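Q: Pasting a structure here, questions to come.
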Amino acid sequence: MTFTVSKDGYVRCTYAALQSAGLTHRICGLDEDPPRARSGGVFSTEITGYTEWVDSVRSIVTLGWDWQMNAVDGAVTLRRIGEPRSNVMFVDINGADIGPAKNLASLAALVDAFDWQSEVRRSIDARYG
């Protein structure tokens with residue numbers, strides 16, 4: 001498993017290398033945006049936040065994203081909103097960058113493929129409980 005820190009600030013690795021290294025939760029929090037007024041004096045509220053993770057091997061990869069809390073039929077869920085932010089640039093089997101668009105899509109797929117919601121919920125509950 002190879003992580004290469006480049007002069008441009010990116011950590012270059014394959015998708016498989018990061019996937020096998022795993023991610024460790026570092027921090028999360030709630031956004032403090034005020035409620036937004038809608039027509040008729042009704043206020044819209046939503047709970048949103050952010051989370052940041054690092055690779056489980058050397059803690060040089062950072063991967064963060066925003067999330068939104070949803071309540072449907074009495075169940076509370078978290079879902080990623082927006083694109084992830086990271087210092088990772090995935091490379092192909094030849095070591096060439098896969099490019100910004102494909103990189104963002106790959107990071108989003110990585111985030112959406114693991115159960116980050118449980119850890120974020122535990123952290124939010126412990127901090128704001």
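Chain labels run A, B, ... following the order of the structure tokens; each chain numbers its residues from 1, and ligands are numbered from 1 in the order shown.
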I'd like the contact shell of region 2-10 of chain A - 9 Å cut-off, only C-alpha atoms, skipping same-chain residues fewer than 4 positions apart - returned as a PyMOL selection string.
A: chain A and resi 14+17-18+58+60-61+86-89
Q: So which one's closest to Gly29 (chain A), A:Asn70, A:Ser118, A:Thr77, A:Ser123? Using only C-alpha atoms, please.
A: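 Checking each candidate against Gly29 (chain A), we get A:Ser123 as the closest.
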Q: Between A:Gln117, A:Phe90, A:Arg26, A:Ala21, single out the one closest to Trp67 (chain A), counting only C-alpha atoms.
A: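 That would be A:Gln117, the residue with the smallest distance to Trp67 (chain A).
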Q: Counting only C-alpha atoms, which residue out of A:Ala96, A:Ala126, A:Leu23, A:Val11 sits closest to Ser56 (chain A)?
A: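 Smallest distance to Ser56 (chain A) is found for A:Leu23.
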Q: Going by DSSP on the backbone, which bits of chain A are strand (DSSP E)? Write them as a tab-separated table (two decimals) with all heavy atoms, in the first residue's frame, please.
A:
chain	number	residue	atom	x	y	z
A	4	THR	N	1.89	8.46	-1.61
A	4	THR	CA	2.98	9.33	-1.99
A	4	THR	C	2.55	10.78	-1.81
A	4	THR	O	1.56	11.20	-2.42
A	4	THR	CB	3.38	9.10	-3.46
A	4	THR	OG1	3.70	7.72	-3.64
A	4	THR	CG2	4.57	9.95	-3.84
A	5	VAL	N	3.27	11.52	-0.98
A	5	VAL	CA	3.00	12.94	-0.80
A	5	VAL	C	3.77	13.69	-1.87
A	5	VAL	O	5.00	13.61	-1.92
A	5	VAL	CB	3.39	13.42	0.61
A	5	VAL	CG1	3.07	14.90	0.77
A	5	VAL	CG2	2.68	12.59	1.68
A	11	VAL	N	-1.84	13.80	-1.86
A	11	VAL	CA	-1.38	12.46	-1.50
A	11	VAL	C	-1.90	11.57	-2.61
A	11	VAL	O	-3.10	11.48	-2.85
A	11	VAL	CB	-1.95	12.01	-0.14
A	11	VAL	CG1	-1.54	10.58	0.15
A	11	VAL	CG2	-1.50	12.95	0.97
A	12	ARG	N	-0.99	10.94	-3.32
A	12	ARG	CA	-1.38	10.10	-4.45
A	12	ARG	C	-1.38	8.64	-4.03
A	12	ARG	O	-0.45	8.17	-3.37
A	12	ARG	CB	-0.45	10.35	-5.63
A	12	ARG	CG	-0.73	11.70	-6.27
A	12	ARG	CD	0.11	11.98	-7.49
A	12	ARG	NE	-0.44	13.06	-8.29
A	12	ARG	CZ	-0.38	14.35	-7.96
A	12	ARG	NH1	0.22	14.73	-6.83
A	12	ARG	NH2	-0.91	15.28	-8.73
A	13	CYS	N	-2.46	7.96	-4.42
A	13	CYS	CA	-2.59	6.54	-4.12
A	13	CYS	C	-3.68	5.98	-5.04
A	13	CYS	O	-4.40	6.74	-5.68
A	13	CYS	CB	-2.96	6.30	-2.66
A	13	CYS	SG	-4.57	6.97	-2.16
A	23	LEU	N	-10.50	4.36	6.86
A	23	LEU	CA	-10.57	5.74	7.32
A	23	LEU	C	-10.92	5.77	8.80
A	23	LEU	O	-11.69	4.95	9.29
A	23	LEU	CB	-11.63	6.51	6.52
A	23	LEU	CG	-11.33	6.69	5.04
A	23	LEU	CD1	-12.55	7.22	4.31
A	23	LEU	CD2	-10.15	7.62	4.83
A	24	THR	N	-10.36	6.74	9.50
A	24	THR	CA	-10.59	6.93	10.93
A	24	THR	C	-11.22	8.30	11.14
A	24	THR	O	-10.73	9.30	10.61
A	24	THR	CB	-9.26	6.85	11.71
A	24	THR	OG1	-8.67	5.56	11.49
A	24	THR	CG2	-9.47	7.07	13.19
A	25	HIS	N	-12.26	8.33	11.94
A	25	HIS	CA	-12.96	9.59	12.23
A	25	HIS	C	-12.07	10.51	13.05
A	25	HIS	O	-11.47	10.09	14.04
A	25	HIS	CB	-14.25	9.28	12.99
A	25	HIS	CG	-15.05	10.48	13.31
A	25	HIS	ND1	-15.20	10.94	14.59
A	25	HIS	CD2	-15.75	11.32	12.51
A	25	HIS	CE1	-15.97	12.02	14.57
A	25	HIS	NE2	-16.31	12.27	13.32
A	26	ARG	N	-11.98	11.77	12.66
A	26	ARG	CA	-11.19	12.76	13.39
A	26	ARG	C	-12.06	13.77	14.12
A	26	ARG	O	-11.86	14.05	15.27
A	26	ARG	CB	-10.25	13.52	12.44
A	26	ARG	CG	-8.96	12.85	12.22
A	26	ARG	CD	-8.14	12.92	13.51
A	26	ARG	NE	-6.91	12.22	13.36
A	26	ARG	CZ	-6.51	11.23	14.14
A	26	ARG	NH1	-7.23	10.82	15.13
A	26	ARG	NH2	-5.35	10.66	13.94
A	27	ILE	N	-13.00	14.36	13.39
A	27	ILE	CA	-13.80	15.44	13.98
A	27	ILE	C	-15.11	15.57	13.21
A	27	ILE	O	-15.19	15.24	12.03
A	27	ILE	CB	-13.03	16.78	13.96
A	27	ILE	CG1	-13.74	17.83	14.79
A	27	ILE	CG2	-12.78	17.25	12.55
A	27	ILE	CD1	-12.92	19.10	15.02
A	28	CYS	N	-16.10	16.07	13.91
A	28	CYS	CA	-17.34	16.46	13.25
A	28	CYS	C	-18.01	17.52	14.11
A	28	CYS	O	-17.65	17.71	15.28
A	28	CYS	CB	-18.28	15.28	13.01
A	28	CYS	SG	-18.89	14.51	14.50
A	29	GLY	N	-18.94	18.21	13.53
A	29	GLY	CA	-19.65	19.23	14.27
A	29	GLY	C	-20.90	19.65	13.54
A	29	GLY	O	-21.14	19.25	12.41
A	30	LEU	N	-21.68	20.46	14.23
A	30	LEU	CA	-22.90	20.99	13.66
A	30	LEU	C	-22.65	22.38	13.10
A	30	LEU	O	-21.91	23.16	13.69
A	30	LEU	CB	-24.01	21.08	14.73
A	30	LEU	CG	-24.45	19.77	15.35
A	30	LEU	CD1	-25.46	20.05	16.46
A	30	LEU	CD2	-25.04	18.84	14.31
A	36	ARG	N	-33.87	29.88	8.19
A	36	ARG	CA	-34.18	30.75	7.06
A	36	ARG	C	-35.69	31.02	7.02
A	36	ARG	O	-36.48	30.11	7.14
A	36	ARG	CB	-33.75	30.09	5.76
A	36	ARG	CG	-32.23	30.09	5.60
A	36	ARG	CD	-31.85	29.36	4.36
A	36	ARG	NE	-31.65	27.97	4.80
A	36	ARG	CZ	-31.60	26.94	3.99
A	36	ARG	NH1	-31.76	27.08	2.71
A	36	ARG	NH2	-31.39	25.73	4.45
A	37	ALA	N	-36.05	32.28	6.84
A	37	ALA	CA	-37.46	32.66	6.78
A	37	ALA	C	-38.04	32.27	5.42
A	37	ALA	O	-37.41	32.45	4.39
A	37	ALA	CB	-37.62	34.15	7.01
A	43	PHE	N	-40.51	29.60	9.48
A	43	PHE	CA	-39.06	29.42	9.42
A	43	PHE	C	-38.72	27.99	9.07
A	43	PHE	O	-39.31	27.05	9.61
A	43	PHE	CB	-38.41	29.80	10.75
A	43	PHE	CG	-38.31	31.28	10.95
A	43	PHE	CD1	-39.35	31.98	11.54
A	43	PHE	CD2	-37.19	31.97	10.52
A	43	PHE	CE1	-39.27	33.34	11.71
A	43	PHE	CE2	-37.10	33.34	10.68
A	43	PHE	CZ	-38.14	34.03	11.29
A	44	SER	N	-37.78	27.84	8.18
A	44	SER	CA	-37.28	26.53	7.79
A	44	SER	C	-36.03	26.23	8.60
A	44	SER	O	-35.11	27.05	8.65
A	44	SER	CB	-36.95	26.54	6.30
A	44	SER	OG	-36.26	25.37	5.94
A	47	ILE	N	-30.85	20.56	10.15
A	47	ILE	CA	-29.62	20.30	10.89
A	47	ILE	C	-28.59	19.81	9.89
A	47	ILE	O	-28.80	18.80	9.21
A	47	ILE	CB	-29.85	19.27	12.01
A	47	ILE	CG1	-30.86	19.83	13.01
A	47	ILE	CG2	-28.53	18.93	12.70
A	47	ILE	CD1	-31.29	18.85	14.08
A	48	THR	N	-27.50	20.55	9.80
A	48	THR	CA	-26.41	20.18	8.91
A	48	THR	C	-25.11	20.20	9.71
A	48	THR	O	-25.02	20.81	10.77
A	48	THR	CB	-26.30	21.13	7.71
A	48	THR	OG1	-26.11	22.46	8.19
A	48	THR	CG2	-27.55	21.08	6.83
A	49	GLY	N	-24.12	19.55	9.16
A	49	GLY	CA	-22.83	19.52	9.83
A	49	GLY	C	-21.72	19.13	8.88
A	49	GLY	O	-21.91	19.08	7.66
A	50	TYR	N	-20.60	18.83	9.47
A	50	TYR	CA	-19.41	18.48	8.70
A	50	TYR	C	-18.68	17.35	9.43
A	50	TYR	O	-18.89	17.12	10.62
A	50	TYR	CB	-18.47	19.69	8.56
A	50	TYR	CG	-18.06	20.25	9.91
A	50	TYR	CD1	-16.91	19.80	10.55
A	50	TYR	CD2	-18.86	21.20	10.57
A	50	TYR	CE1	-16.57	20.29	11.81
A	50	TYR	CE2	-18.51	21.69	11.81
A	50	TYR	CZ	-17.36	21.23	12.42
A	50	TYR	OH	-17.02	21.70	13.66
A	51	THR	N	-17.85	16.65	8.71
A	51	THR	CA	-17.03	15.60	9.31
A	51	THR	C	-15.71	15.50	8.56
A	51	THR	O	-15.63	15.84	7.37
A	51	THR	CB	-17.77	14.24	9.32
A	51	THR	OG1	-16.99	13.29	10.05
A	51	THR	CG2	-18.05	13.72	7.93
A	52	GLU	N	-14.70	15.08	9.27
A	52	GLU	CA	-13.35	14.95	8.69
A	52	GLU	C	-12.78	13.61	9.13
A	52	GLU	O	-12.87	13.22	10.29
A	52	GLU	CB	-12.46	16.09	9.19
A	52	GLU	CG	-11.11	16.15	8.53
A	52	GLU	CD	-11.16	16.74	7.12
A	52	GLU	OE1	-12.09	17.49	6.79
A	52	GLU	OE2	-10.24	16.43	6.35
A	53	TRP	N	-12.17	12.92	8.18
A	53	TRP	CA	-11.60	11.59	8.42
A	53	TRP	C	-10.16	11.58	7.90
A	53	TRP	O	-9.78	12.38	7.04
A	53	TRP	CB	-12.42	10.54	7.69
A	53	TRP	CG	-13.82	10.44	8.20
A	53	TRP	CD1	-14.80	11.40	8.12
A	53	TRP	CD2	-14.41	9.35	8.89
A	53	TRP	NE1	-15.95	10.96	8.72
A	53	TRP	CE2	-15.74	9.70	9.19
A	53	TRP	CE3	-13.94	8.09	9.27
A	53	TRP	CZ2	-16.61	8.85	9.87
A	53	TRP	CZ3	-14.81	7.24	9.93
A	53	TRP	CH2	-16.12	7.62	10.23
A	54	VAL	N	-9.35	10.67	8.42
A	54	VAL	CA	-7.98	10.47	7.96
A	54	VAL	C	-7.77	8.99	7.67
A	54	VAL	O	-8.53	8.14	8.15
A	54	VAL	CB	-6.93	10.96	8.99
A	54	VAL	CG1	-7.04	12.46	9.20
A	54	VAL	CG2	-7.04	10.21	10.29
A	55	ASP	N	-6.73	8.69	6.90
A	55	ASP	CA	-6.45	7.29	6.65
A	55	ASP	C	-6.00	6.61	7.94
A	55	ASP	O	-5.42	7.25	8.82
A	55	ASP	CB	-5.39	7.13	5.54
A	55	ASP	CG	-4.02	7.58	5.97
A	55	ASP	OD1	-3.75	8.80	5.83
A	55	ASP	OD2	-3.23	6.75	6.45
A	62	THR	N	-6.55	13.31	4.21
A	62	THR	CA	-7.71	13.92	4.85
A	62	THR	C	-8.87	13.86	3.88
A	62	THR	O	-8.70	14.05	2.67
A	62	THR	CB	-7.45	15.39	5.24
A	62	THR	OG1	-7.19	16.16	4.07
A	62	THR	CG2	-6.28	15.50	6.20
A	63	LEU	N	-10.04	13.57	4.43
A	63	LEU	CA	-11.24	13.47	3.62
A	63	LEU	C	-12.40	14.00	4.45
A	63	LEU	O	-12.66	13.50	5.55
A	63	LEU	CB	-11.49	12.01	3.22
A	63	LEU	CG	-12.73	11.69	2.40
A	63	LEU	CD1	-12.74	12.47	1.09
A	63	LEU	CD2	-12.81	10.19	2.13
A	64	GLY	N	-13.03	15.04	3.97
A	64	GLY	CA	-14.13	15.65	4.70
A	64	GLY	C	-15.31	15.90	3.79
A	64	GLY	O	-15.17	15.97	2.57
A	65	TRP	N	-16.48	16.03	4.40
A	65	TRP	CA	-17.68	16.33	3.64
A	65	TRP	C	-18.73	16.91	4.58
A	65	TRP	O	-18.63	16.82	5.79
A	65	TRP	CB	-18.22	15.10	2.92
A	65	TRP	CG	-18.56	13.95	3.83
A	65	TRP	CD1	-19.76	13.67	4.40
A	65	TRP	CD2	-17.67	12.92	4.27
A	65	TRP	NE1	-19.69	12.55	5.17
A	65	TRP	CE2	-18.40	12.06	5.11
A	65	TRP	CE3	-16.32	12.64	4.05
A	65	TRP	CZ2	-17.84	10.94	5.71
A	65	TRP	CZ3	-15.77	11.53	4.67
A	65	TRP	CH2	-16.52	10.70	5.47
A	66	ASP	N	-19.72	17.52	3.98
A	66	ASP	CA	-20.85	18.07	4.71
A	66	ASP	C	-21.98	17.04	4.69
A	66	ASP	O	-22.08	16.24	3.76
A	66	ASP	CB	-21.33	19.37	4.07
A	66	ASP	CG	-20.27	20.46	4.12
A	66	ASP	OD1	-19.54	20.52	5.12
A	66	ASP	OD2	-20.16	21.23	3.15
A	67	TRP	N	-22.82	17.11	5.70
A	67	TRP	CA	-23.95	16.18	5.78
A	67	TRP	C	-25.19	16.91	6.27
A	67	TRP	O	-25.11	18.00	6.82
A	67	TRP	CB	-23.63	14.99	6.67
A	67	TRP	CG	-23.10	15.36	8.04
A	67	TRP	CD1	-21.79	15.42	8.42
A	67	TRP	CD2	-23.87	15.73	9.19
A	67	TRP	NE1	-21.70	15.82	9.74
A	67	TRP	CE2	-22.97	16.01	10.24
A	67	TRP	CE3	-25.23	15.86	9.45
A	67	TRP	CZ2	-23.38	16.41	11.50
A	67	TRP	CZ3	-25.64	16.27	10.72
A	67	TRP	CH2	-24.71	16.53	11.73
A	68	GLN	N	-26.32	16.27	6.04
A	68	GLN	CA	-27.60	16.81	6.48
A	68	GLN	C	-28.36	15.71	7.21
A	68	GLN	O	-28.34	14.55	6.80
A	68	GLN	CB	-28.43	17.28	5.29
A	68	GLN	CG	-29.77	17.86	5.66
A	68	GLN	CD	-30.52	18.37	4.45
A	68	GLN	OE1	-30.38	17.85	3.34
A	68	GLN	NE2	-31.31	19.40	4.64
A	69	MET	N	-29.02	16.10	8.31
A	69	MET	CA	-29.83	15.16	9.08
A	69	MET	C	-31.25	15.20	8.53
A	69	MET	O	-31.81	16.27	8.31
A	69	MET	CB	-29.82	15.55	10.55
A	69	MET	CG	-30.49	14.55	11.46
A	69	MET	SD	-30.38	15.04	13.22
A	69	MET	CE	-28.63	14.74	13.54
A	70	ASN	N	-31.80	14.01	8.30
A	70	ASN	CA	-33.17	13.89	7.79
A	70	ASN	C	-33.97	13.01	8.73
A	70	ASN	O	-33.44	12.03	9.26
A	70	ASN	CB	-33.18	13.26	6.39
A	70	ASN	CG	-32.45	14.11	5.39
A	70	ASN	OD1	-32.75	15.27	5.23
A	70	ASN	ND2	-31.46	13.53	4.72
A	71	ALA	N	-35.21	13.34	8.93
A	71	ALA	CA	-36.12	12.51	9.72
A	71	ALA	C	-37.29	12.11	8.84
A	71	ALA	O	-38.03	12.96	8.34
A	71	ALA	CB	-36.61	13.27	10.94
A	72	VAL	N	-37.41	10.81	8.62
A	72	VAL	CA	-38.49	10.28	7.79
A	72	VAL	C	-39.14	9.12	8.53
A	72	VAL	O	-38.44	8.18	8.94
A	72	VAL	CB	-37.96	9.80	6.41
A	72	VAL	CG1	-39.07	9.20	5.58
A	72	VAL	CG2	-37.29	10.93	5.67
A	75	ALA	N	-37.51	7.90	11.72
A	75	ALA	CA	-36.11	7.46	11.67
A	75	ALA	C	-35.22	8.64	11.27
A	75	ALA	O	-35.53	9.36	10.32
A	75	ALA	CB	-35.94	6.32	10.67
A	76	VAL	N	-34.14	8.83	12.00
A	76	VAL	CA	-33.20	9.91	11.70
A	76	VAL	C	-32.02	9.32	10.93
A	76	VAL	O	-31.42	8.33	11.35
A	76	VAL	CB	-32.71	10.58	13.00
A	76	VAL	CG1	-31.65	11.63	12.70
A	76	VAL	CG2	-33.88	11.20	13.75
A	77	THR	N	-31.73	9.92	9.80
A	77	THR	CA	-30.60	9.48	8.99
A	77	THR	C	-29.72	10.67	8.64
A	77	THR	O	-30.17	11.82	8.67
A	77	THR	CB	-31.07	8.81	7.69
A	77	THR	OG1	-31.83	9.75	6.93
A	77	THR	CG2	-31.92	7.58	7.97
A	78	LEU	N	-28.49	10.40	8.31
A	78	LEU	CA	-27.56	11.40	7.82
A	78	LEU	C	-27.24	11.06	6.38
A	78	LEU	O	-27.07	9.90	6.03
A	78	LEU	CB	-26.27	11.41	8.64
A	78	LEU	CG	-26.39	11.62	10.14
A	78	LEU	CD1	-25.01	11.58	10.78
A	78	LEU	CD2	-27.08	12.92	10.46
A	79	ARG	N	-27.12	12.10	5.57
A	79	ARG	CA	-26.70	11.88	4.18
A	79	ARG	C	-25.68	12.93	3.79
A	79	ARG	O	-25.75	14.08	4.24
A	79	ARG	CB	-27.90	11.89	3.22
A	79	ARG	CG	-28.52	13.23	3.03
A	79	ARG	CD	-29.65	13.18	1.98
A	79	ARG	NE	-30.22	14.50	1.79
A	79	ARG	CZ	-29.79	15.40	0.91
A	79	ARG	NH1	-28.80	15.09	0.10
A	79	ARG	NH2	-30.34	16.59	0.82
A	80	ARG	N	-24.75	12.50	2.99
A	80	ARG	CA	-23.72	13.42	2.50
A	80	ARG	C	-24.37	14.41	1.56
A	80	ARG	O	-25.21	14.07	0.74
A	80	ARG	CB	-22.64	12.63	1.75
A	80	ARG	CG	-21.55	13.51	1.14
A	80	ARG	CD	-20.52	12.71	0.37
A	80	ARG	NE	-21.09	11.92	-0.70
A	80	ARG	CZ	-21.38	12.37	-1.91
A	80	ARG	NH1	-21.17	13.65	-2.22
A	80	ARG	NH2	-21.90	11.58	-2.83
A	81	ILE	N	-23.97	15.68	1.69
A	81	ILE	CA	-24.42	16.71	0.75
A	81	ILE	C	-23.17	17.37	0.16
A	81	ILE	O	-22.17	17.56	0.84
A	81	ILE	CB	-25.35	17.76	1.40
A	81	ILE	CG1	-24.73	18.39	2.64
A	81	ILE	CG2	-26.70	17.13	1.74
A	81	ILE	CD1	-25.55	19.50	3.27
A	82	GLY	N	-23.22	17.68	-1.08
A	82	GLY	CA	-22.07	18.30	-1.73
A	82	GLY	C	-20.97	17.30	-2.00
A	82	GLY	O	-21.08	16.11	-1.73
A	83	GLU	N	-19.90	17.81	-2.55
A	83	GLU	CA	-18.76	16.96	-2.91
A	83	GLU	C	-17.79	16.87	-1.74
A	83	GLU	O	-17.62	17.82	-0.97
A	83	GLU	CB	-18.04	17.53	-4.13
A	83	GLU	CG	-18.92	17.52	-5.37
A	83	GLU	CD	-18.25	18.18	-6.55
A	83	GLU	OE1	-17.46	19.13	-6.38
A	83	GLU	OE2	-18.55	17.75	-7.68
A	84	PRO	N	-17.12	15.73	-1.61
A	84	PRO	CA	-16.10	15.61	-0.57
A	84	PRO	C	-14.92	16.55	-0.86
A	84	PRO	O	-14.69	16.95	-1.99
A	84	PRO	CB	-15.64	14.15	-0.69
A	84	PRO	CG	-16.64	13.45	-1.51
A	84	PRO	CD	-17.30	14.49	-2.36
A	85	ARG	N	-14.20	16.87	0.21
A	85	ARG	CA	-12.97	17.67	0.11
A	85	ARG	C	-11.83	16.77	0.58
A	85	ARG	O	-11.96	16.08	1.59
A	85	ARG	CB	-13.07	18.90	1.00
A	85	ARG	CG	-14.22	19.82	0.62
A	85	ARG	CD	-14.47	20.89	1.66
A	85	ARG	NE	-14.83	20.40	2.98
A	85	ARG	CZ	-16.05	20.00	3.34
A	85	ARG	NH1	-17.03	20.01	2.46
A	85	ARG	NH2	-16.29	19.59	4.57
A	86	SER	N	-10.73	16.82	-0.14
A	86	SER	CA	-9.64	15.91	0.21
A	86	SER	C	-8.31	16.38	-0.38
A	86	SER	O	-8.28	17.16	-1.33
A	86	SER	CB	-9.95	14.51	-0.32
A	86	SER	OG	-8.95	13.60	0.05
A	88	VAL	N	-6.40	13.98	-1.54
A	88	VAL	CA	-6.10	12.78	-2.32
A	88	VAL	C	-6.28	13.04	-3.80
A	88	VAL	O	-7.25	13.68	-4.22
A	88	VAL	CB	-7.04	11.62	-1.91
A	88	VAL	CG1	-6.96	10.45	-2.89
A	88	VAL	CG2	-6.72	11.14	-0.52
A	89	MET	N	-5.35	12.50	-4.58
A	89	MET	CA	-5.53	12.38	-6.02
A	89	MET	C	-5.30	10.90	-6.32
A	89	MET	O	-4.19	10.39	-6.12
A	89	MET	CB	-4.55	13.24	-6.81
A	89	MET	CG	-4.59	13.02	-8.32
A	89	MET	SD	-6.21	13.21	-9.11
A	89	MET	CE	-6.40	14.98	-9.09
A	90	PHE	N	-6.35	10.23	-6.74
A	90	PHE	CA	-6.21	8.82	-7.09
A	90	PHE	C	-5.41	8.69	-8.38
A	90	PHE	O	-5.50	9.55	-9.27
A	90	PHE	CB	-7.58	8.16	-7.26
A	90	PHE	CG	-8.31	7.96	-5.96
A	90	PHE	CD1	-9.55	8.52	-5.77
A	90	PHE	CD2	-7.75	7.21	-4.94
A	90	PHE	CE1	-10.24	8.34	-4.59
A	90	PHE	CE2	-8.44	7.02	-3.74
A	90	PHE	CZ	-9.68	7.58	-3.57
Q: Would you work out the distance separating CA of Ile124 (chain A) from CA of Glu32 (chain A), expressed in Å to one decimal?
A: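 Interatomic distance, CA of Ile124 (chain A) to CA of Glu32 (chain A): 13.6 Å.
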Q: Write out as a PyMOL selection string all residues of chain A that DSSP puts in alpha helix (DSSP H) for this structure's backbone.
A: chain A and resi 15-21+100-112+117-128
